[in-house]
Amino acid sequence: MTDEPDRLDLTELVVAHYRGLYGYAYRLAGSAADAEDLVQQTFLVAQQKLDQIRDASAARSWLFTVLRNNYLKSRQRRMPLGESALEAPLEEVPQQGVDESPIDEERLRQLVGKLPEEFRLVIAMFYFEELSYKQIAMELELPPGTVMSRLSRAKRHLRSKLLEAGEIELAGSAPRNSDPTTEQASD
Amino acid sequence: MNRHEISEQIDACQLGQLDIQAPEFDELRAAIAREPSVRRQFERAQAADRRIRDALLTVEPPSGFQSRLLAALAKSEAAESSSSVPPDDTVSAALQSDEGSESGSEIEAGNQIIVERRLRLSSRRGWIALAVSSAAALLIAVWLGSSPTTNVAPGDLPELAIRYHRGFDATRDWKPLSQRPPLAPARQLEQRLITGWLEANELLGDRRRGLAFRLQSPTGLPATLYTIEGNWTGLADGPVAAQPIRTGGLWAAAWQSEGQLFVLVIPTQDPNAFRQFLPNRGGLASRKPVQITAS
């Protein structure tokens with residue numbers, strides 16, 4: 001490493017962000033090995049471009065963006081997304097209330113892993129990068145309405161599956177037939 | 001805004017985002033203020049969001065991952081630094097055969113940095129490849145030849161065991177318990193669930209004798225218990241107190257007892273599955289007779 005005075009310390013970046021990045025990578029890629037690779041790639045890029053990151057407060061979002069881009073590149077190399085992915089069933093269910101017990105992390109991992117990639121991606125960006133749907137739309141160069149629809153459908157899918165598995169419970173929700181979310185969302 | 005649009009807006013709303021008066025949610029805010037049912041729906045959705053987010057963010061990196069990351073970065077840094085120094089003649093000569101080796105990956109300046117899997121960074125120059133591979137070989141040698149009591153952190157044991165487990169040949173004929181194993185299985189586990197044992201050579205990189213015990217829970221869940229002699233500091237005294245890791249579909253926890261190290265590896269992500277292997281205290285083990293293959 002160089003001795004540039006205002007350069008961020010890579011070790012500090014690793015210590016501060018490797019956990020969050022690993023979680024993000026794991027949710028995106030669905031396997032521990034691929035997640036490790038993605039995080040390593042991300043920090044290697046950071047190592048190359050460390051002098052470009054002078055604002056420590058921006059480092060987190062920069063690292064997450066690099067990881068996401070690496071993931072998307074790797075996906076493009078392996079298997080280009082086809083339109084068929086959009087045809088995967090994402091059933092619509094009513095909004096459900098929830099109890100306060102923790103959700104089984106493994107169960108959720110499987111559910112997220114089975115989401116079509118375009119849905120998994122917006123879900124991961126929403127929760128991990130904490131981006132708004134408009135920011136996600138800008139990053140992915142998609143219409144905001146498409147992102148909003150994907151977010152909604154993906155969340156309802158997760159809720160429905162968690163409900164089926166007993167991971168969440170009804171908690172005074174509106175009757176199903178009066179629920180507004182039973183309309184078919186469109187991309 | 002119809003109810004479908006309201007629902008989509010609710011799902012698109014980050015936790016707390018409504019509170020910062022984002023203009024795109026003006027209509028949603030109005031609907032929430034106007035209609036109690038929308039407010040309830042919003043609150044439920046936010047509560048579900050919070051729980052899903054918490055569960056999603058709960059991903060524990062593999063033990064030792066931070067160390068490996070830092071080591072990989074240091075190695076990369078060293079390779080990059082050394083690439084600017086011309087190799088001396090002897091090294092160059094020794095490396096002629098490596099010059100034509102296929103580059104596994106590369107880091108390029110600019111925005112198109114693509115790093116291929118597993119840090120195959122240094123092979124673009126043969127002499128760098130030799131330096132790095134030598135370093136890697138040294139690391140592996142240290143890892144394989146080291147005494148675990150001095151070179152492996154207790155927190156790394158479960159992951160090391162998982163790595164070992166993945167390469168362990170479990171297709172060999174397991175020896176019955178009637179053929180007395182040289183090391184005892186962990187007393188902290190239900191003995192009736194142990195169905196066989198095998199030698200486990202170089203378990204955890206240690207050259208001392210290691211054994212693997214095969215177990216099966218009353219529900220049919222398999223598990224492997226690895227053991228090796230030795231005293232460790234900083235390890236729990238049983239599986240309940242141990243700090244497990246879960247990675248790649250495997251659960252593992254290490255503990256020590258009576259001069260032996262034990263690592264239990266279970267193909268599960270259920271954090272409580274190991275309890276199926278605990279001694280019978282009215283739990284699962286007592287509910288169903290177990291087929292014992294050895295007396």
# chains A, B, ... in the order shown; residues from 1 in each chain; ligands from 1
$ closest_atom_pairs --of "chain B" --to "chain A" --cutoff "8 Å" --atoms "only C-alpha atoms" --output "Markdown table"
| residue | atom | partner | partner_atom | distance |
| --- | --- | --- | --- | --- |
| B:Arg3 | CA | A:Pro180 | CA | 5.0 |
| B:His4 | CA | A:Pro180 | CA | 5.3 |
| B:Ser7 | CA | A:Thr181 | CA | 5.9 |
| B:Glu8 | CA | A:Ser152 | CA | 5.4 |
| B:Gln9 | CA | A:Met148 | CA | 7.1 |
| B:Asp11 | CA | A:Ser152 | CA | 5.1 |
| B:Ala12 | CA | A:Met148 | CA | 5.6 |
| B:Cys13 | CA | A:Ser132 | CA | 7.2 |
| B:Gln14 | CA | A:Ser132 | CA | 6.4 |
| B:Ser37 | CA | A:Ala174 | CA | 7.8 |
| B:Arg40 | CA | A:Ser173 | CA | 7.9 |
| B:Gln41 | CA | A:Gln95 | CA | 6.8 |
| B:Arg44 | CA | A:Gly97 | CA | 4.9 |
| B:Ala45 | CA | A:Gln95 | CA | 6.8 |
| B:Ala47 | CA | A:Val98 | CA | 6.9 |
| B:Ala48 | CA | A:Val98 | CA | 6.0 |
| B:Arg51 | CA | A:Pro102 | CA | 6.7 |
| B:Ile52 | CA | A:Ile103 | CA | 7.0 |
| B:Arg53 | CA | A:Tyr127 | CA | 5.9 |
| B:Ala55 | CA | A:Glu105 | CA | 5.3 |
| B:Leu56 | CA | A:Glu105 | CA | 6.7 |
| B:Leu57 | CA | A:Gly23 | CA | 6.2 |
| B:Thr58 | CA | A:Glu105 | CA | 7.1 |
| B:Val59 | CA | A:Gly23 | CA | 5.0 |
| B:Glu60 | CA | A:Arg19 | CA | 7.1 |
| B:Pro61 | CA | A:Arg19 | CA | 6.2 |
| B:Phe65 | CA | A:Glu36 | CA | 7.9 |
| B:Gln66 | CA | A:Tyr18 | CA | 7.1 |
| B:Leu69 | CA | A:Gln40 | CA | 6.3 |
| B:Leu70 | CA | A:Thr11 | CA | 7.0 |
| B:Ala72 | CA | A:Gln40 | CA | 7.9 |
| B:Leu73 | CA | A:Leu44 | CA | 6.6 |
| B:Ser76 | CA | A:Leu44 | CA | 7.9 |
| B:Glu77 | CA | A:Met1 | CA | 7.1 |
| B:Ala109 | CA | A:Gln48 | CA | 7.6 |
| B:Ile113 | CA | A:Val45 | CA | 6.8 |
| B:Ile114 | CA | A:Asn70 | CA | 7.7 |
| B:Val115 | CA | A:Gln41 | CA | 5.9 |
| B:Glu116 | CA | A:Gln41 | CA | 7.8 |
| B:Arg117 | CA | A:Asp37 | CA | 6.0 |
| B:Arg118 | CA | A:Asp37 | CA | 6.2 |
| B:Leu119 | CA | A:Gln40 | CA | 7.7 |
| B:Thr247 | CA | A:Ala32 | CA | 6.2 |
| B:Gly248 | CA | A:Ala32 | CA | 5.4 |
| B:Gln269 | CA | A:Glu106 | CA | 6.0 |
| B:Asp270 | CA | A:Glu106 | CA | 7.2 |
$ atom_distance --atom1 "atom CA of B:Ala74" --atom2 "atom CA of A:Glu129"
27.4 Å
$ atom_distance --atom1 "atom CA of A:Pro143" --atom2 "atom CA of B:Ile32"
25.4 Å
$ residues_around --residues "B:Leu211" --least-positions-apart "6" --cutoff "8 Å" --atoms "only C-alpha atoms" --output "PyMOL selection string"
chain B and resi 183+197-201+203+226-228
$ select_by_dssp --residues "stretch 149-291 of chain B" --states "strand (DSSP E or B)" --output "MDAnalysis selection string"
chainID B and resid 175 194:199 210:216 222:229 236 245:247 250:257 260:266
$ select_by_dssp --residues "stretch 151-275 of chain B" --states "helix (DSSP H, G or I)" --output "ChimeraX atom specification"
/B:151,154-167,191-193,203-205,273-275
